[in-house]
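Below is upload.tsv, which holds TSV, C-alpha atoms and all ligand atoms.
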chain	number	residue	atom	x	y	z
A	294	MET	CA	3.81	51.88	17.29
A	295	ALA	CA	3.36	48.11	16.92
A	296	LEU	CA	4.35	46.45	13.66
A	297	GLU	CA	1.27	45.65	11.61
A	298	PHE	CA	0.19	42.64	9.59
A	299	SER	CA	-2.41	42.63	6.83
A	300	GLU	CA	-6.02	42.23	7.89
A	301	ARG	CA	-6.23	38.83	6.20
A	302	ILE	CA	-3.50	37.45	8.47
A	303	ARG	CA	-6.05	37.68	11.28
A	304	ARG	CA	-8.57	35.72	9.20
A	305	ILE	CA	-6.35	32.95	7.81
A	306	PRO	CA	-6.40	29.84	10.03
A	307	VAL	CA	-3.03	28.32	10.91
A	308	TYR	CA	-2.69	24.96	9.12
A	309	PRO	CA	-2.89	22.23	11.80
A	310	ALA	CA	0.40	20.50	10.88
A	311	ALA	CA	1.29	17.29	12.72
A	312	GLU	CA	3.85	17.62	15.50
A	313	SER	CA	7.20	15.99	16.31
A	314	TYR	CA	8.83	16.10	12.90
A	315	GLY	CA	12.24	16.78	14.43
A	316	ASP	CA	11.99	14.07	17.05
A	317	GLY	CA	14.75	11.49	16.65
A	318	ARG	CA	12.79	8.72	18.42
A	319	ASP	CA	11.64	5.60	16.62
A	320	LEU	CA	8.20	7.00	15.90
A	321	VAL	CA	5.32	5.52	13.94
A	322	ARG	CA	4.16	8.50	11.90
A	323	LEU	CA	0.50	8.00	11.08
A	324	ALA	CA	-0.62	11.63	11.34
A	325	SER	CA	-0.25	13.06	7.82
A	326	ASN	CA	-1.61	10.49	5.37
A	327	GLU	CA	1.83	9.93	3.90
A	328	SER	CA	2.99	6.79	2.11
A	329	PRO	CA	4.98	4.44	4.36
A	330	TYR	CA	6.95	3.35	1.28
A	331	PRO	CA	10.02	5.30	0.13
A	332	PRO	CA	10.42	6.54	-3.46
A	333	LEU	CA	11.14	3.80	-6.02
A	334	PRO	CA	14.82	3.24	-7.00
A	335	ALA	CA	14.22	4.57	-10.54
A	336	VAL	CA	12.64	7.72	-9.08
A	337	ARG	CA	15.63	8.21	-6.78
A	338	ASP	CA	17.90	7.85	-9.83
A	339	ALA	CA	15.87	10.47	-11.70
A	340	ILE	CA	16.22	12.85	-8.75
A	341	ALA	CA	19.97	12.20	-8.59
A	342	GLY	CA	20.19	12.78	-12.36
A	343	ALA	CA	18.58	16.20	-12.00
A	344	LEU	CA	21.00	17.38	-9.30
A	345	ASP	CA	23.69	18.58	-11.71
A	346	GLY	CA	21.27	21.01	-13.33
A	347	LEU	CA	20.33	22.79	-10.10
A	348	ASN	CA	22.35	25.88	-11.03
A	349	ARG	CA	19.57	26.54	-13.59
A	350	TYR	CA	15.95	27.46	-12.86
A	351	PRO	CA	13.49	24.62	-13.45
A	352	ASP	CA	11.43	24.37	-16.63
A	353	PRO	CA	8.74	27.00	-15.89
A	354	THR	CA	6.10	25.06	-17.82
A	355	SER	CA	7.00	21.55	-16.53
A	356	THR	CA	6.85	20.38	-20.15
A	357	ALA	CA	8.11	16.81	-19.69
A	358	LEU	CA	5.79	16.19	-16.76
A	359	ARG	CA	2.77	17.66	-18.52
A	360	ARG	CA	3.57	15.59	-21.64
A	361	ARG	CA	3.66	12.36	-19.58
A	362	LEU	CA	0.45	13.28	-17.75
A	363	SER	CA	-1.19	14.07	-21.07
A	364	GLU	CA	-0.16	10.67	-22.49
A	365	ARG	CA	-1.35	8.87	-19.38
A	366	TYR	CA	-4.73	10.55	-18.99
A	367	GLY	CA	-5.53	11.55	-22.58
A	368	VAL	CA	-6.01	15.19	-21.52
A	369	PRO	CA	-4.38	17.91	-23.68
A	370	GLN	CA	-1.24	19.44	-22.12
A	371	SER	CA	-2.88	22.85	-22.31
A	372	GLN	CA	-5.51	21.61	-19.82
A	373	ILE	CA	-3.02	20.41	-17.21
A	374	ALA	CA	-1.91	22.67	-14.36
A	375	ILE	CA	1.09	21.71	-12.23
A	376	GLY	CA	1.55	22.82	-8.63
A	377	ASN	CA	4.07	22.90	-5.82
A	378	GLY	CA	1.85	20.24	-4.25
A	379	SER	CA	-1.85	20.25	-5.03
A	380	CYS	CA	-2.29	22.70	-2.11
A	381	ASP	CA	-0.48	25.23	-4.28
A	382	ILE	CA	-3.19	24.81	-6.92
A	383	LEU	CA	-5.93	25.27	-4.30
A	384	LEU	CA	-4.30	28.47	-3.05
A	385	ALA	CA	-3.85	29.69	-6.62
A	386	ALA	CA	-7.56	28.97	-7.21
A	387	SER	CA	-8.43	31.20	-4.29
A	388	GLU	CA	-6.44	34.06	-5.85
A	389	ALA	CA	-7.61	33.42	-9.38
A	390	LEU	CA	-11.31	32.79	-8.69
A	391	LEU	CA	-12.33	34.30	-5.36
A	392	GLU	CA	-12.82	37.84	-4.04
A	393	PRO	CA	-15.02	39.64	-1.52
A	394	GLY	CA	-18.68	39.06	-2.41
A	395	ALA	CA	-17.99	35.66	-4.00
A	396	GLU	CA	-18.96	32.42	-2.25
A	397	ILE	CA	-17.15	29.11	-1.97
A	398	VAL	CA	-19.08	25.97	-1.03
A	399	TYR	CA	-17.51	22.87	0.50
A	400	ALA	CA	-18.44	20.10	2.92
A	401	TRP	CA	-17.31	20.07	6.54
A	402	PRO	CA	-15.36	18.38	8.05
A	403	SER	CA	-13.13	18.28	4.99
A	404	PHE	CA	-9.55	19.17	4.04
A	405	SER	CA	-8.19	21.76	6.46
A	406	VAL	CA	-6.76	23.95	3.68
A	407	TYR	CA	-10.22	24.84	2.28
A	408	PRO	CA	-11.03	27.42	5.01
A	409	HIS	CA	-7.83	29.21	3.98
A	410	LEU	CA	-9.27	29.95	0.53
A	411	SER	CA	-12.11	32.16	1.73
A	412	ALA	CA	-10.06	33.71	4.52
A	413	ALA	CA	-7.25	34.71	2.15
A	414	SER	CA	-9.50	36.07	-0.57
A	415	GLY	CA	-12.24	37.69	1.52
A	416	ALA	CA	-14.86	35.44	-0.12
A	417	THR	CA	-17.63	33.88	1.99
A	418	ALA	CA	-17.29	30.21	2.96
A	419	VAL	CA	-20.51	28.19	2.89
A	420	THR	CA	-19.93	24.86	4.63
A	421	VAL	CA	-22.30	21.93	4.29
A	422	PRO	CA	-22.38	19.18	6.95
A	423	LEU	CA	-21.56	15.65	5.85
A	424	ASP	CA	-24.41	13.12	5.88
A	425	ASP	CA	-24.98	10.52	8.62
A	426	GLU	CA	-22.35	8.23	7.12
A	427	GLU	CA	-19.84	11.10	7.00
A	428	ARG	CA	-20.06	11.36	3.20
A	429	HIS	CA	-20.56	14.47	1.10
A	430	ASP	CA	-24.23	15.46	0.99
A	431	LEU	CA	-24.26	16.52	-2.66
A	432	PRO	CA	-27.99	17.45	-2.82
A	433	ALA	CA	-27.48	19.73	0.21
A	434	MET	CA	-24.41	21.27	-1.44
A	435	LEU	CA	-26.45	21.94	-4.58
A	436	ARG	CA	-29.03	23.79	-2.52
A	437	GLU	CA	-26.31	26.16	-1.25
A	438	ILE	CA	-25.29	27.32	-4.73
A	439	THR	CA	-26.40	30.90	-5.38
A	440	VAL	CA	-25.67	33.56	-8.01
A	441	ALA	CA	-22.66	34.52	-5.88
A	442	THR	CA	-21.11	31.03	-5.87
A	443	ARG	CA	-17.78	31.03	-7.69
A	444	LEU	CA	-16.21	27.77	-6.51
A	445	VAL	CA	-17.42	24.43	-5.13
A	446	ILE	CA	-14.98	21.84	-3.82
A	447	VAL	CA	-15.86	18.15	-3.54
A	448	CYS	CA	-13.20	16.12	-1.74
A	449	ASN	CA	-13.53	12.52	-2.90
A	450	PRO	CA	-12.44	10.45	-0.97
A	451	ASN	CA	-12.89	12.99	1.79
A	452	ASN	CA	-10.13	13.97	4.18
A	453	PRO	CA	-10.49	13.52	7.18
A	454	THR	CA	-13.45	11.11	7.10
A	455	SER	CA	-11.98	8.70	4.48
A	456	THR	CA	-15.39	8.17	2.85
A	457	ALA	CA	-16.23	8.49	-0.84
A	458	VAL	CA	-19.33	9.10	-2.90
A	459	PRO	CA	-19.74	7.10	-6.12
A	460	LEU	CA	-18.74	8.78	-9.36
A	461	SER	CA	-22.32	8.42	-10.66
A	462	ALA	CA	-23.46	10.76	-7.84
A	463	ILE	CA	-20.77	13.30	-8.74
A	464	ALA	CA	-21.74	13.09	-12.41
A	465	SER	CA	-25.41	13.79	-11.58
A	466	PHE	CA	-24.31	16.64	-9.27
A	467	LEU	CA	-22.24	18.24	-12.03
A	468	ASP	CA	-25.21	18.07	-14.40
A	469	GLU	CA	-27.11	20.28	-11.95
A	470	VAL	CA	-24.36	22.80	-11.10
A	471	PRO	CA	-24.83	26.05	-13.05
A	472	ASP	CA	-22.13	26.55	-15.66
A	473	TYR	CA	-20.85	29.84	-14.13
A	474	VAL	CA	-19.58	27.88	-11.08
A	475	TRP	CA	-16.12	26.28	-10.96
A	476	VAL	CA	-16.08	22.81	-9.38
A	477	PHE	CA	-12.84	21.33	-8.06
A	478	ILE	CA	-12.97	17.61	-7.35
A	479	ASP	CA	-10.11	16.99	-4.97
A	480	GLU	CA	-8.98	13.44	-5.73
A	481	ALA	CA	-5.80	13.33	-3.63
A	482	TYR	CA	-6.69	9.79	-2.49
A	483	CYS	CA	-8.58	8.49	-5.55
A	484	GLU	CA	-6.12	5.65	-6.21
A	485	PHE	CA	-7.20	3.99	-2.93
A	486	ASN	CA	-10.92	4.19	-3.74
A	487	VAL	CA	-12.41	0.85	-4.76
A	488	LEU	CA	-15.88	2.24	-5.49
A	489	ASP	CA	-14.75	3.49	-8.92
A	490	ASP	CA	-11.81	3.21	-11.28
A	491	PRO	CA	-9.53	6.22	-10.61
A	492	GLU	CA	-9.41	6.83	-14.37
A	493	ALA	CA	-13.20	7.02	-14.69
A	494	SER	CA	-13.61	10.64	-13.58
A	495	ILE	CA	-11.40	11.88	-16.45
A	496	GLU	CA	-14.32	11.48	-18.81
A	497	LEU	CA	-16.18	14.25	-16.92
A	498	LEU	CA	-13.70	16.78	-18.36
A	499	THR	CA	-15.09	16.32	-21.84
A	500	ARG	CA	-18.56	17.39	-20.69
A	501	HIS	CA	-17.75	20.08	-18.10
A	502	PRO	CA	-15.37	22.93	-18.98
A	503	ASN	CA	-15.98	24.32	-15.46
A	504	ILE	CA	-14.31	21.46	-13.55
A	505	ALA	CA	-10.83	20.52	-12.37
A	506	LEU	CA	-9.69	17.15	-11.03
A	507	LEU	CA	-7.03	17.77	-8.41
A	508	ARG	CA	-4.41	15.07	-7.93
A	509	THR	CA	-1.09	14.70	-6.18
A	510	PHE	CA	2.22	12.84	-6.15
A	511	SER	CA	2.25	13.17	-2.34
A	512	LYS	CA	0.21	10.13	-1.44
A	513	VAL	CA	0.31	6.99	-3.56
A	514	TYR	CA	3.58	8.04	-5.29
A	515	GLY	CA	5.27	8.74	-1.93
A	516	LEU	CA	6.77	12.08	-3.00
A	517	CYS	CA	5.26	14.53	-0.51
A	518	GLY	CA	8.74	15.64	0.54
A	519	LEU	CA	9.23	17.16	-2.92
A	520	ARG	CA	5.81	18.87	-3.26
A	521	VAL	CA	4.22	18.24	-6.64
A	522	GLY	CA	0.58	17.96	-7.66
A	523	PHE	CA	-1.52	18.61	-10.74
A	524	ALA	CA	-4.98	19.52	-11.93
A	525	LEU	CA	-6.64	18.04	-14.99
A	526	CYS	CA	-8.88	20.88	-16.11
A	527	GLY	CA	-11.95	21.14	-18.30
A	528	SER	CA	-10.62	24.32	-19.89
A	529	GLN	CA	-7.33	26.00	-20.82
A	530	ALA	CA	-8.62	29.27	-19.38
A	531	LEU	CA	-8.44	27.85	-15.86
A	532	VAL	CA	-4.84	26.67	-16.33
A	533	ARG	CA	-3.84	30.12	-17.60
A	534	ALA	CA	-5.51	31.86	-14.64
A	535	LEU	CA	-3.89	29.50	-12.10
A	536	ASP	CA	-0.46	30.09	-13.64
A	537	GLN	CA	-0.97	33.84	-13.79
A	538	VAL	CA	-1.24	34.26	-10.03
A	539	ARG	CA	1.82	32.21	-9.10
A	540	GLN	CA	5.49	33.00	-8.84
A	541	PRO	CA	7.60	31.90	-11.83
A	542	PHE	CA	9.31	28.48	-11.50
A	543	PHE	CA	6.89	27.28	-8.81
A	544	CYS	CA	7.62	23.57	-9.37
A	545	ASN	CA	11.21	22.69	-8.56
A	546	ALA	CA	13.46	20.67	-10.87
A	547	LEU	CA	13.80	17.63	-8.60
A	548	ALA	CA	10.03	17.40	-8.17
A	549	GLN	CA	9.49	17.60	-11.94
A	550	ALA	CA	12.10	14.88	-12.59
A	551	ALA	CA	10.76	12.60	-9.86
A	552	ALA	CA	7.09	12.94	-10.82
A	553	THR	CA	7.81	12.41	-14.53
A	554	GLU	CA	9.71	9.21	-13.75
A	555	ALA	CA	7.14	8.02	-11.20
A	556	LEU	CA	4.48	7.92	-13.90
A	557	SER	CA	6.42	5.16	-15.68
A	558	HIS	CA	6.05	2.73	-12.77
A	559	GLN	CA	2.33	2.12	-12.49
A	560	ASP	CA	2.77	-1.56	-11.61
A	561	ALA	CA	4.76	-0.66	-8.51
A	562	VAL	CA	2.21	2.00	-7.63
A	563	GLU	CA	-0.63	-0.49	-7.95
A	564	ASP	CA	1.29	-2.96	-5.81
A	565	ARG	CA	1.49	-0.31	-3.07
A	566	VAL	CA	-2.22	0.39	-3.38
A	567	THR	CA	-2.95	-3.34	-2.99
A	568	ARG	CA	-0.77	-3.50	0.12
A	569	THR	CA	-2.46	-0.44	1.61
A	570	ILE	CA	-5.92	-1.85	0.93
A	571	ALA	CA	-4.94	-5.15	2.58
A	572	GLU	CA	-3.77	-3.16	5.63
A	573	ARG	CA	-7.01	-1.17	5.55
A	574	ILE	CA	-9.07	-4.35	5.78
A	575	SER	CA	-7.04	-5.80	8.64
A	576	VAL	CA	-6.71	-2.55	10.67
A	577	ASP	CA	-10.43	-1.82	10.37
A	578	GLU	CA	-11.22	-5.36	11.50
A	579	ARG	CA	-9.06	-4.94	14.60
A	580	LEU	CA	-10.60	-1.52	15.30
A	581	ARG	CA	-14.03	-3.15	15.23
A	582	ALA	CA	-12.75	-5.84	17.60
A	583	LEU	CA	-11.84	-3.00	20.00
A	584	GLY	CA	-15.49	-1.87	19.85
A	585	LEU	CA	-14.80	1.06	17.49
A	586	ALA	CA	-16.69	1.82	14.26
A	587	PRO	CA	-14.32	3.10	11.57
A	588	ALA	CA	-15.94	4.92	8.65
A	589	ASP	CA	-16.03	3.08	5.31
A	590	SER	CA	-12.52	4.08	4.23
A	591	GLN	CA	-11.75	4.51	0.55
A	592	ALA	CA	-8.44	6.20	1.36
A	593	ASN	CA	-5.06	5.44	2.92
A	594	PHE	CA	-6.31	6.38	6.39
A	595	CYS	CA	-9.09	5.50	8.81
A	596	TRP	CA	-11.43	7.74	10.78
A	597	PHE	CA	-13.36	6.76	13.87
A	598	SER	CA	-15.11	8.28	16.86
A	599	LEU	CA	-13.70	7.47	20.27
A	600	PRO	CA	-15.89	5.89	22.98
A	601	ASP	CA	-17.76	8.41	25.15
A	602	ASP	CA	-15.89	7.33	28.29
A	603	VAL	CA	-12.47	8.62	27.11
A	604	GLU	CA	-11.10	12.06	26.30
A	605	GLU	CA	-9.63	12.52	22.82
A	606	ALA	CA	-6.60	14.39	24.19
A	607	ASP	CA	-5.81	11.55	26.63
A	608	VAL	CA	-5.87	8.96	23.85
A	609	VAL	CA	-3.74	11.06	21.48
A	610	ARG	CA	-1.24	11.69	24.27
A	611	GLY	CA	-1.28	8.02	25.27
A	612	LEU	CA	-0.48	7.03	21.68
A	613	ALA	CA	2.30	9.63	21.43
A	614	GLU	CA	3.83	8.37	24.68
A	615	ARG	CA	3.93	4.95	23.03
A	616	GLY	CA	5.64	6.42	19.97
A	617	VAL	CA	2.60	6.55	17.66
A	618	LEU	CA	1.58	9.86	16.07
A	619	VAL	CA	-2.03	10.25	14.88
A	620	ARG	CA	-4.31	13.26	14.24
A	621	ALA	CA	-6.90	14.36	16.73
A	622	GLY	CA	-10.36	14.93	15.23
A	623	SER	CA	-10.64	18.25	17.10
A	624	ALA	CA	-7.87	19.65	14.87
A	625	LEU	CA	-9.80	18.51	11.80
A	626	GLY	CA	-13.36	19.64	12.52
A	627	LYS	CA	-14.81	16.96	14.80
A	628	ASP	CA	-14.15	16.50	18.52
A	629	GLY	CA	-13.71	13.01	19.93
A	630	ALA	CA	-12.44	11.33	16.75
A	631	LEU	CA	-9.10	10.13	15.38
A	632	ARG	CA	-7.66	10.06	11.87
A	633	VAL	CA	-4.94	7.48	11.46
A	634	THR	CA	-2.94	6.74	8.30
A	635	TYR	CA	-2.47	3.08	7.40
A	636	GLY	CA	1.23	2.31	7.63
A	637	THR	CA	3.23	-0.86	7.04
A	638	SER	CA	1.89	-3.97	8.78
A	639	GLU	CA	4.53	-3.59	11.53
A	640	GLU	CA	3.53	0.05	12.08
A	641	ASN	CA	-0.15	-0.84	12.15
A	642	ILE	CA	0.40	-3.53	14.75
A	643	ARG	CA	2.28	-1.01	16.91
A	644	PHE	CA	-0.57	1.46	16.47
A	645	LEU	CA	-3.29	-1.06	17.35
A	646	ASP	CA	-1.43	-2.39	20.41
A	647	ALA	CA	-0.74	1.17	21.56
A	648	LEU	CA	-4.37	2.14	20.98
A	649	ALA	CA	-5.68	-0.72	23.13
A	650	GLU	CA	-3.33	0.38	25.93
A	651	ALA	CA	-4.04	4.10	25.51
A	652	LEU	CA	-7.81	3.50	25.64
A	653	ALA	CA	-7.46	1.44	28.83
A	654	ALA	CA	-5.21	4.10	30.39
A	655	ALA	CA	-7.58	6.91	29.38
A	656	ARG	CA	-10.52	5.03	30.93
A	657	SER	CA	-8.70	4.37	34.20
A	658	SER	CA	-7.63	8.04	34.42
A	659	LEU	CA	-11.31	9.07	34.22
A	660	ALA	CA	-12.57	6.33	36.57
B	1	LIG	C1	-7.78	16.19	0.31
B	1	LIG	C2	-6.39	16.68	0.10
B	1	LIG	N1	-6.14	17.48	-0.94
B	1	LIG	C3	-4.92	17.95	-1.18
B	1	LIG	C4	-3.87	17.64	-0.36
B	1	LIG	C5	-2.57	18.29	-0.62
B	1	LIG	O1	-1.61	17.50	-1.08
B	1	LIG	P1	-0.25	18.08	-1.64
B	1	LIG	O2	-0.24	19.57	-1.48
B	1	LIG	O3	0.79	17.42	-0.82
B	1	LIG	O4	-0.24	17.68	-3.07
B	1	LIG	C6	-4.07	16.81	0.75
B	1	LIG	C7	-2.96	16.49	1.65
B	1	LIG	O5	-3.07	15.97	2.70
B	1	LIG	C8	-5.37	16.33	0.98
B	1	LIG	O6	-5.63	15.57	2.04
Once more with this new file: its structure as structure tokens, please.
Amino acid sequence: MALEFSERIRRIPVYPAAESYGDGRDLVRLASNESPYPPLPAVRDAIAGALDGLNRYPDPTSTALRRRLSERYGVPQSQIAIGNGSCDILLAASEALLEPGAEIVYAWPSFSVYPHLSAASGATAVTVPLDDEERHDLPAMLREITVATRLVIVCNPNNPTSTAVPLSAIASFLDEVPDYVWVFIDEAYCEFNVLDDPEASIELLTRHPNIALLRTFSKVYGLCGLRVGFALCGSQALVRALDQVRQPFFCNALAQAAATEALSHQDAVEDRVTRTIAERISVDERLRALGLAPADSQANFCWFSLPDDVEEADVVRGLAERGVLVRAGSALGKDGALRVTYGTSEENIRFLDALAEALAAARSSLA
């Protein structure tokens, strides 16, 4: 008899991770929306300082980190959930909130982990197409909410399309969402969004006990290698439920130490945001000069459709052959598009030069 797996293993999509991690070549890695900047020296020191305590389990409640987050955002510690990356919080939400018969509503294309939540829990996924400018269509999402809806996710700015909706639109949306529905606003990239102050959404928590703002140390803080994220929640009950479904000690000691220290260096973080936004302006300008039309990025990555006369796979391969790794739209919900993280200016120049060559090569291979 063949060895069996659970039925949900057949349903759960395999996360489309970027390739070539182990490759020793001098690669420009623009496929995973990481920070091109290494952890700050003080953060490295904090990690080193935590090494001697690794014979002990980490603080199961991440007290120091939650205290610092509470001071920074003015949200009570009891309303802050920590995760082994913010993905961990999303997966915990699927266990804590979803079950067969329940519905989860989210836009599509959006973050590739969301389909996992319904598949793992047996809930029904209701996906809502983005609007013509590849933004969340919040009125259309509202129309999909039924008595069975348990969770709605709004990814703002949206991965993979890089676009954002203004906070005022989200606030009006929340006013209309019935209070039995949980709403997660995934703000993994909010620091790069110039439409609104990243702190402004915090105020929503005082009016909506049914919401969570999902944030991460993986992007602007450059700590994705350690895996740590958090949710600022409108209610303690949500934090308790999220913690209940997870293994003990889910956030490791080095991640806790690094994230706690990182919060004390906001000037350096803002400097990195400024540099990324400057790169965003110049990369998008050069993309337009190549005849492409990048979406209005409010994130640390761009998103654009490829011309009709080239194949996506040829361009992605052409870039990889030139040492530049990007994500193909087909892996993220839209054929014939690319998602490319903004890197350092040197990396971006390599990307843009390689793109011009890869487009020309892809055209001549089809001619
Ligand atoms: C929209 C969005 N949310 C959440 C995450 C997860 O981040 P992490 O688990 O590294 O905190 C990502 C990572 O790419 C993302 O794009």
Can you tell me which residues come within 10 Å of ligand LIG 1 (chain B) when counting only C-alpha atoms and all ligand atoms, ideally as an mmCIF file with C-alpha atoms, in the coordinates of the input?
data_model
loop_
_atom_site.group_PDB
_atom_site.id
_atom_site.type_symbol
_atom_site.label_atom_id
_atom_site.label_comp_id
_atom_site.auth_asym_id
_atom_site.auth_seq_id
_atom_site.Cartn_x
_atom_site.Cartn_y
_atom_site.Cartn_z
ATOM 1 C CA ALA A 310 0.400 20.500 10.880
ATOM 2 C CA ALA A 324 -0.620 11.630 11.340
ATOM 3 C CA SER A 325 -0.250 13.060 7.820
ATOM 4 C CA ASN A 326 -1.610 10.490 5.370
ATOM 5 C CA GLU A 327 1.830 9.930 3.900
ATOM 6 C CA GLY A 376 1.550 22.820 -8.630
ATOM 7 C CA ASN A 377 4.070 22.900 -5.820
ATOM 8 C CA GLY A 378 1.850 20.240 -4.250
ATOM 9 C CA SER A 379 -1.850 20.250 -5.030
ATOM 10 C CA CYS A 380 -2.290 22.700 -2.110
ATOM 11 C CA ASP A 381 -0.480 25.230 -4.280
ATOM 12 C CA ILE A 382 -3.190 24.810 -6.920
ATOM 13 C CA LEU A 383 -5.930 25.270 -4.300
ATOM 14 C CA LEU A 384 -4.300 28.470 -3.050
ATOM 15 C CA SER A 403 -13.130 18.280 4.990
ATOM 16 C CA PHE A 404 -9.550 19.170 4.040
ATOM 17 C CA SER A 405 -8.190 21.760 6.460
ATOM 18 C CA VAL A 406 -6.760 23.950 3.680
ATOM 19 C CA TYR A 407 -10.220 24.840 2.280
ATOM 20 C CA VAL A 447 -15.860 18.150 -3.540
ATOM 21 C CA CYS A 448 -13.200 16.120 -1.740
ATOM 22 C CA ASN A 449 -13.530 12.520 -2.900
ATOM 23 C CA PRO A 450 -12.440 10.450 -0.970
ATOM 24 C CA ASN A 451 -12.890 12.990 1.790
ATOM 25 C CA ASN A 452 -10.130 13.970 4.180
ATOM 26 C CA PRO A 453 -10.490 13.520 7.180
ATOM 27 C CA SER A 455 -11.980 8.700 4.480
ATOM 28 C CA ILE A 478 -12.970 17.610 -7.350
ATOM 29 C CA ASP A 479 -10.110 16.990 -4.970
ATOM 30 C CA GLU A 480 -8.980 13.440 -5.730
ATOM 31 C CA ALA A 481 -5.800 13.330 -3.630
ATOM 32 C CA TYR A 482 -6.690 9.790 -2.490
ATOM 33 C CA CYS A 483 -8.580 8.490 -5.550
ATOM 34 C CA LEU A 507 -7.030 17.770 -8.410
ATOM 35 C CA ARG A 508 -4.410 15.070 -7.930
ATOM 36 C CA THR A 509 -1.090 14.700 -6.180
ATOM 37 C CA PHE A 510 2.220 12.840 -6.150
ATOM 38 C CA SER A 511 2.250 13.170 -2.340
ATOM 39 C CA LYS A 512 0.210 10.130 -1.440
ATOM 40 C CA GLY A 515 5.270 8.740 -1.930
ATOM 41 C CA LEU A 516 6.770 12.080 -3.000
ATOM 42 C CA CYS A 517 5.260 14.530 -0.510
ATOM 43 C CA GLY A 518 8.740 15.640 0.540
ATOM 44 C CA LEU A 519 9.230 17.160 -2.920
ATOM 45 C CA ARG A 520 5.810 18.870 -3.260
ATOM 46 C CA VAL A 521 4.220 18.240 -6.640
ATOM 47 C CA GLY A 522 0.580 17.960 -7.660
ATOM 48 C CA PHE A 523 -1.520 18.610 -10.740
ATOM 49 C CA ALA A 592 -8.440 6.200 1.360
#
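One finds CA of Pro329 (chain A) at 27.2 Å from CA of Ala357 (chain A).
As for CA of Ala649 (chain A) and CA of Gly622 (chain A), they are spaced 18.1 Å apart.
Nearest to Ser328 (chain A) of all the residues A:Thr569, A:Asn641, A:Ser528, A:Ser657 is A:Thr569, based on only C-alpha atoms.
With distances restricted to all atoms listed in the file, A:Val562 is the closest residue to Val336 (chain A) from A:Ile397, A:Ala571, A:Ala413, A:Val562.
Take the candidates A:Arg359, A:Arg573, A:Arg349, A:Arg581 and check each one against Phe485 (chain A) using all atoms listed in the file; the shortest distance goes to A:Arg573.
Reported to one decimal place, the separation of CA of Val513 (chain A) from CA of Ser575 (chain A) is 19.1 Å.
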From the options A:Ser414, A:Leu333, A:Val603, A:Asp430, which residue's atoms come nearest to Ala654 (chain A), counting all atoms listed in the file? A:Val603
Restricting to all atoms listed in the file, whichever of A:Pro432, A:Gly367, A:Gly611, A:Pro393 is closest to Thr499 (chain A) is A:Gly367
From the list A:Ala655, A:Ala464, A:Val421, A:Ala412, the nearest residue to Ala433 (chain A) using all atoms listed in the file is A:Val421
